[in-house]
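This report refers to the structure that appears directly beneath it.
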Amino acid sequence: MSRCWLALFVAALLAVPAYAEPPTPPTTWLLTRLHANELLMLKSVRLRNRASGKDVVIGRGSKPVLIEVEPGAYYLRRIDTGYFNVASMRVPEPELYFELQPGRVNYIGDLVIALTERPHLNVSWDFAASEETLREAAARQPGAFREPALWVRPGVEPVPIVLELEQPQVPAGESN
């Protein structure tokens, strides 16, 4: 009788599906680079996720910024400067958002910010495409570029960007 119970117990164990971790969602990458004119002492910019209200803070630097973010709609929320009269500037919520797609590098363009003093203090910004930014980011983190990157702009469908990345040269007579 005990063998019968043991057989039923083993059969029941085999019928129960094994616990599996839920699949990890694909990584969503945001790519940009900050540029500021010499009058503006730029500290950082903040992009806000429309759904969650969370800010992504991008610090000043000369290299491309490739950071992992949640997918969704984003907009430029704030520009933080070290300029005494323009310490930070909140950007009113725009009508147009850029939509970051999951599992891809989403290039929003290089963010170009300028300060003018005449006739009064004014901060302006724009997004400009740069092949140099894309190539530098791909060279630094090639694994993020397995799928073609997307150029994401407000109010426009994302455009795939296919980069012809340089492959390491293998000397003649050698193989990988």
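Residues are named by chain letter and number: chains run A, B, ... in the order of the structure tokens, numbers start at 1 in each chain, and ligands are numbered from 1 in the order shown.
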For the contact check between region 117-149 of chain A and region 93-105 of chain A, emit one row per residue of region 117-149 of chain A within 7 Å, containing the shortest atom pair and the distance in Å rounded to one decimal, counting only C-alpha atoms, chain then rising number order, as JSON lines.
```
{"residue": "A:Ala144", "atom": "CA", "partner": "A:Val105", "partner_atom": "CA", "distance": 6.7}
{"residue": "A:Phe145", "atom": "CA", "partner": "A:Val105", "partner_atom": "CA", "distance": 6.7}
{"residue": "A:Glu147", "atom": "CA", "partner": "A:Arg104", "partner_atom": "CA", "distance": 6.4}
{"residue": "A:Ala149", "atom": "CA", "partner": "A:Val105", "partner_atom": "CA", "distance": 4.7}
```
Discussion item. Residues within 12 Å of Glu132 (chain A), please, as a ChimeraX atom specification. Count only C-alpha atoms; anything in the same chain fewer than 4 positions from it doesn't count.
Written reply: /A:32-33,62-64,109-110,128,136-139,163
Just the selected residues (N, CA, C and O atoms), exported as a tab-separated table (two decimals), in the first residue's frame, please.
```
chain	number	residue	atom	x	y	z
A	32	THR	N	21.05	60.61	-25.08
A	32	THR	CA	21.14	62.03	-25.41
A	32	THR	C	22.53	62.53	-25.04
A	32	THR	O	23.34	61.79	-24.48
A	33	ARG	N	22.81	63.75	-25.35
A	33	ARG	CA	24.03	64.44	-24.93
A	33	ARG	C	23.63	65.89	-24.71
A	33	ARG	O	22.84	66.44	-25.46
A	62	SER	N	30.40	65.86	-21.22
A	62	SER	CA	30.72	65.98	-22.64
A	62	SER	C	30.48	64.68	-23.38
A	62	SER	O	30.56	64.65	-24.61
A	63	LYS	N	30.17	63.60	-22.67
A	63	LYS	CA	29.97	62.31	-23.31
A	63	LYS	C	28.48	62.03	-23.49
A	63	LYS	O	27.65	62.58	-22.77
A	64	PRO	N	28.15	61.14	-24.43
A	64	PRO	CA	26.75	60.74	-24.57
A	64	PRO	C	26.25	60.09	-23.28
A	64	PRO	O	27.00	59.41	-22.58
A	109	GLY	N	17.91	62.82	-29.49
A	109	GLY	CA	18.71	63.90	-30.06
A	109	GLY	C	19.58	64.52	-28.98
A	109	GLY	O	19.40	64.28	-27.79
A	110	ASP	N	20.56	65.28	-29.40
A	110	ASP	CA	21.38	66.03	-28.45
A	110	ASP	C	20.57	67.24	-28.00
A	110	ASP	O	19.99	67.94	-28.82
A	128	ALA	N	18.85	68.21	-31.44
A	128	ALA	CA	19.53	68.10	-32.73
A	128	ALA	C	20.15	66.71	-32.86
A	128	ALA	O	20.71	66.18	-31.90
A	136	GLU	N	29.57	57.07	-30.63
A	136	GLU	CA	30.27	57.00	-29.33
A	136	GLU	C	29.53	56.10	-28.35
A	136	GLU	O	30.14	55.29	-27.66
A	137	ALA	N	28.21	56.25	-28.28
A	137	ALA	CA	27.42	55.43	-27.35
A	137	ALA	C	27.48	53.96	-27.75
A	137	ALA	O	27.63	53.09	-26.88
A	138	ALA	N	27.40	53.66	-29.04
A	138	ALA	CA	27.47	52.28	-29.52
A	138	ALA	C	28.83	51.67	-29.25
A	138	ALA	O	28.94	50.48	-28.93
A	139	ALA	N	29.89	52.45	-29.35
A	139	ALA	CA	31.24	51.95	-29.08
A	139	ALA	C	31.42	51.67	-27.58
A	139	ALA	O	32.09	50.70	-27.22
A	163	LEU	N	23.15	51.59	-37.68
A	163	LEU	CA	24.55	52.01	-37.65
A	163	LEU	C	25.42	50.90	-38.21
A	163	LEU	O	25.26	49.75	-37.85
```
Worksheet entry | Non-local contacts of Ser52 (chain A) (10 Å; only C-alpha atoms; under 6 positions in same chain excluded) as a VMD selection string | chain A and resid 70 72 to 74
What does the file look like for those residues with C-alpha atoms, as a PDB file, in the first residue's frame?
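Wrote selection.pdb, looks like this:
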```
ATOM      1  CA  GLU A  70      10.934  53.044 -17.893  1.00  0.00           C
ATOM      2  CA  GLY A  72       6.571  55.646 -21.867  1.00  0.00           C
ATOM      3  CA  ALA A  73       5.930  59.274 -22.757  1.00  0.00           C
ATOM      4  CA  TYR A  74       8.495  61.854 -21.569  1.00  0.00           C
TER       5      TYR A  74
END
```
Worksheet entry | Sel. of helix (DSSP H, G or I) residues, region 103-166 of chain A, as a VMD selection string | chain A and resid 131 to 140 142 to 145
Worksheet item: For Leu34 (chain A), which residue among A:Gly82, A:Pro142, A:Leu76, A:Gly61 is the nearest when counting only C-alpha atoms?
Response: A:Gly61
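Atom to atom, CA of Leu115 (chain A) and CA of Arg60 (chain A) stand 15.4 Å apart.
Distances from A:Pro158, A:Pro71, A:Gly59, A:Gly53 to Pro26 (chain A) were compared using only C-alpha atoms, and the smallest one belongs to A:Pro71.
Distance check against Ile67 (chain A) using only C-alpha atoms: of A:Ile79, A:Leu31, A:Ala51, A:Val45, the minimum falls on A:Leu31.
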